file data.cif (mmCIF, C-alpha atoms)
data_target
#
loop_
_atom_site.label_atom_id
_atom_site.label_comp_id
_atom_site.auth_asym_id
_atom_site.auth_seq_id
_atom_site.Cartn_x
_atom_site.Cartn_y
_atom_site.Cartn_z
CA MET A 1194 96.07 13.29 200.87
CA THR A 1195 93.51 14.06 203.44
CA GLY A 1196 92.91 17.57 204.61
CA ILE A 1197 92.94 19.15 201.14
CA ARG A 1198 89.82 21.11 200.47
CA SER A 1199 88.61 22.18 197.06
CA ASN A 1200 85.84 24.31 195.71
CA ALA A 1201 86.01 22.58 192.31
CA GLU A 1202 82.40 21.38 192.52
CA GLN A 1203 81.16 24.89 193.32
CA LEU A 1204 83.14 26.34 190.42
CA ALA A 1205 81.89 23.67 188.06
CA ALA A 1206 78.29 24.35 189.10
CA ARG A 1207 78.78 28.08 188.61
CA TYR A 1208 80.15 27.60 185.08
CA ARG A 1209 77.36 25.15 184.20
CA ARG A 1210 74.82 27.81 185.19
CA ARG A 1211 76.62 30.41 183.09
CA ALA A 1212 76.78 28.06 180.11
CA GLN A 1213 73.03 27.51 180.39
CA GLN A 1214 72.48 31.28 180.19
CA LEU A 1215 74.46 31.74 176.97
CA PRO A 1216 71.77 30.70 174.45
CA GLY A 1217 69.33 33.20 175.97
CA ALA A 1218 71.96 35.92 175.88
CA VAL A 1219 72.68 35.26 172.21
CA THR A 1220 68.97 35.40 171.39
CA ARG A 1221 68.55 38.65 173.35
CA GLY A 1222 71.57 40.10 171.54
CA LEU A 1223 70.14 39.09 168.17
CA LEU A 1224 66.78 40.71 168.96
CA ARG A 1225 68.53 43.90 170.05
CA VAL A 1226 70.64 43.99 166.86
CA LEU A 1227 67.57 43.42 164.67
CA THR A 1228 65.67 46.17 166.46
CA LEU A 1229 68.56 48.65 166.21
CA VAL A 1230 69.19 47.99 162.51
CA ASN A 1231 65.49 48.33 161.74
CA ALA A 1232 65.30 51.62 163.66
CA LYS A 1233 68.30 52.92 161.69
CA GLN A 1234 66.65 51.78 158.43
CA ILE A 1235 63.56 53.82 159.34
CA GLU A 1236 65.78 56.80 160.19
CA ASN A 1237 67.40 56.49 156.75
CA LEU A 1238 63.90 56.63 155.24
CA SER A 1239 62.90 59.74 157.20
CA GLY A 1240 64.54 62.58 155.31
CA SER A 1241 63.06 66.05 155.09
CA SER A 1242 59.99 66.36 152.90
CA SER A 1243 61.45 69.62 151.59
CA ALA A 1244 64.63 67.89 150.38
CA PRO A 1245 65.04 67.60 146.62
CA PRO A 1246 64.06 64.36 144.90
CA GLY A 1247 66.80 61.79 145.18
CA ALA A 1248 68.12 63.17 148.47
CA TYR A 1249 69.44 60.90 151.18
CA PRO A 1250 68.20 60.10 153.79
CA VAL A 1251 65.24 59.28 151.57
CA PRO A 1252 62.77 62.18 151.85
CA ILE A 1253 59.28 61.57 153.14
CA ARG A 1254 56.96 62.78 150.41
CA ASN A 1255 53.92 60.81 151.47
CA PRO A 1256 53.87 59.32 154.99
CA GLN A 1257 51.62 56.54 153.68
CA SER A 1258 53.94 55.68 150.77
CA GLY A 1259 54.81 52.41 152.43
CA LEU A 1260 58.61 52.56 152.41
CA ARG A 1261 58.95 53.28 156.13
CA GLN A 1262 55.87 51.25 157.00
CA SER A 1263 57.34 48.23 155.19
CA ALA A 1264 60.54 48.26 157.25
CA ASN A 1265 60.59 45.19 159.44
CA TRP A 1266 62.67 42.39 160.91
CA ARG A 1267 62.15 38.69 161.48
CA GLN A 1268 63.79 36.24 163.81
CA LEU A 1269 64.24 33.02 161.85
CA SER A 1270 65.81 30.97 164.65
CA PRO A 1271 67.36 31.68 168.05
CA THR A 1272 70.57 32.76 166.29
CA VAL A 1273 69.44 33.98 162.86
CA GLY A 1274 67.38 37.00 161.88
CA ILE A 1275 66.89 39.38 158.97
CA VAL A 1276 66.02 43.04 158.56
CA LEU A 1277 64.01 43.70 155.43
CA ASN A 1278 61.81 46.10 153.55
CA THR A 1279 58.91 44.73 151.55
CA ALA A 1280 57.56 47.95 150.01
CA ARG A 1281 55.98 47.35 146.63
CA LYS A 1282 54.66 49.93 144.20
CA GLY A 1283 52.96 49.31 140.90
CA GLY A 1284 53.71 45.59 141.01
CA PHE A 1285 57.47 45.88 141.55
CA ASN A 1286 59.69 45.88 144.61
CA TYR A 1287 59.87 49.58 145.41
CA ALA A 1288 62.30 49.08 148.31
CA VAL A 1289 64.84 47.39 146.04
CA ALA A 1290 64.36 50.09 143.39
CA VAL A 1291 65.16 52.87 145.88
CA HIS A 1292 67.95 50.94 147.61
CA GLU A 1293 69.72 49.88 144.41
CA GLY A 1294 68.76 52.84 142.21
CA ARG A 1295 66.76 50.76 139.71
CA GLY A 1296 63.61 51.27 137.71
CA SER A 1297 61.99 54.66 138.17
CA SER A 1298 64.49 55.41 140.95
CA ALA A 1299 67.49 54.94 138.64
CA LYS A 1300 67.60 58.67 137.88
CA TYR A 1301 68.39 59.30 141.58
CA GLY A 1302 71.01 56.58 141.97
CA ALA A 1303 71.28 54.06 144.75
CA ARG A 1304 70.22 55.12 148.22
CA PRO A 1305 71.31 52.09 150.26
CA PHE A 1306 69.20 52.74 153.34
CA LEU A 1307 69.34 49.12 154.55
CA ASP A 1308 73.06 48.51 153.92
CA ASP A 1309 73.86 51.78 155.70
CA ALA A 1310 71.63 50.78 158.62
CA ALA A 1311 73.45 47.46 158.98
CA ARG A 1312 76.84 49.22 158.90
CA ALA A 1313 75.73 51.78 161.50
CA VAL A 1314 75.03 49.16 164.17
CA ASP A 1315 78.00 47.47 165.83
CA ALA A 1316 76.39 44.04 166.06
CA ALA A 1317 79.49 42.46 167.60
CA GLN A 1318 79.48 45.02 170.42
CA VAL A 1319 75.76 44.53 171.08
CA MET A 1320 76.20 40.75 171.23
CA ALA A 1321 79.28 41.08 173.44
CA VAL A 1322 77.35 43.12 175.99
CA GLU A 1323 74.65 40.45 176.22
CA VAL A 1324 77.12 37.57 176.44
CA ARG A 1325 79.24 39.36 179.05
CA GLY A 1326 76.11 39.95 181.09
CA ALA A 1327 75.31 36.24 181.05
CA LEU A 1328 78.82 35.32 182.11
CA GLN A 1329 79.00 37.64 185.11
#
call {"tool": "encode", "arguments": {"input": "data.cif", "output": "structure tokens"}}
result
Amino acid sequence: MTGIRSNAEQLAARYRRRAQQLPGAVTRGLLRVLTLVNAKQIENLSGSSSAPPGAYPVPIRNPQSGLRQSANWRQLSPTVGIVLNTARKGGFNYAVAVHEGRGSSAKYGARPFLDDAARAVDAAQVMAVEVRGALQ
């Protein structure tokens, strides 16, 4: 059948280019999610210094206490990352004590600043925006 024209090669090339852009889009989405969750964690650790003990968001009593300063994130691979808090006080994990309401923080109950930060960010939506951008 001569005379039939097709743009199949052009379409295939276009989709190959888009497929090559997906890994970068996923990595960018991951970095954005990690950054947003960490920012929300810090917000949850930035309550009013005049709030009563045990308030939530966690009040800032001493800006150098380390809880906010120990908020961080790490990219472990192009598709895996973690948001964490490594604050330690008196030889124990202070971040876990505040988050879970353990140790000296037990009298205040759990103040799940990191869990709440993760729930506040719509990771699927953030990733979808990046992936859609790569596919357009």
call {"tool": "residues_around", "arguments": {"input": "data.cif", "residues": "Pro1252 in chain A", "least_positions_apart": "3", "cutoff": "7 Å", "atoms": "only C-alpha atoms", "output": "list in words"}}
result
Leu1238, Ser1239, Gly1240, Ser1241, Ser1242, Ala1244, Ala1248 and Tyr1249 of chain A
call {"tool": "closest_residue", "arguments": {"input": "data.cif", "among": "A:Gly1283, A:Gly1326, A:Gly1196, A:Gly1294", "to": "Val1251 in chain A", "atoms": "only C-alpha atoms"}}
result
A:Gly1294
call {"tool": "closest_residue", "arguments": {"input": "data.cif", "among": "A:Glu1293, A:Gln1214, A:Ala1311, A:Glu1236", "to": "Ile1275 in chain A", "atoms": "only C-alpha atoms"}}
result
A:Ala1311
call {"tool": "atom_distance", "arguments": {"input": "data.cif", "atom1": "CA of Arg1304 in chain A", "atom2": "CA of His1292 in chain A"}}
result
4.8 Å
call {"tool": "closest_residue", "arguments": {"input": "data.cif", "among": "A:Pro1271, A:Leu1224, A:Gly1284, A:Arg1254", "to": "Gly1296 in chain A", "atoms": "only C-alpha atoms"}}
result
A:Gly1284
call {"tool": "residues_around", "arguments": {"input": "data.cif", "residues": "Ala1264 in chain A", "least_positions_apart": "4", "cutoff": "10 Å", "atoms": "all atoms listed in the file", "output": "compact mmCIF listing (two decimals) with C-alpha atoms, in the frame of the given file"}}
result
# COMPACT_ATOMS: atom_id res chain seq x y z
CA ASN A 1231 65.49 48.33 161.74
CA ALA A 1232 65.30 51.62 163.66
CA GLN A 1234 66.65 51.78 158.43
CA ILE A 1235 63.56 53.82 159.34
CA LEU A 1238 63.90 56.63 155.24
CA GLY A 1259 54.81 52.41 152.43
CA LEU A 1260 58.61 52.56 152.41
CA VAL A 1276 66.02 43.04 158.56
CA LEU A 1277 64.01 43.70 155.43
CA ASN A 1278 61.81 46.10 153.55
CA THR A 1279 58.91 44.73 151.55
CA ALA A 1280 57.56 47.95 150.01
CA ALA A 1288 62.30 49.08 148.31
CA LEU A 1307 69.34 49.12 154.55
call {"tool": "atom_distance", "arguments": {"input": "data.cif", "atom1": "CA of Met1320 in chain A", "atom2": "CA of Arg1211 in chain A"}}
result
15.7 Å
call {"tool": "closest_residue", "arguments": {"input": "data.cif", "among": "A:Val1314, A:Asn1255, A:Arg1209, A:Arg1281", "to": "Leu1227 in chain A", "atoms": "only C-alpha atoms"}}
result
A:Val1314
call {"tool": "closest_residue", "arguments": {"input": "data.cif", "among": "A:Arg1295, A:Arg1207, A:Lys1282, A:Arg1312", "to": "Val1230 in chain A", "atoms": "all atoms listed in the file"}}
result
A:Arg1312
call {"tool": "closest_residue", "arguments": {"input": "data.cif", "among": "A:Gly1274, A:Pro1305, A:Ser1297, A:Val1289", "to": "Arg1221 in chain A", "atoms": "only C-alpha atoms"}}
result
A:Gly1274
call {"tool": "atom_distance", "arguments": {"input": "data.cif", "atom1": "CA of Ala1212 in chain A", "atom2": "CA of Ala1316 in chain A"}}
result
21.3 Å
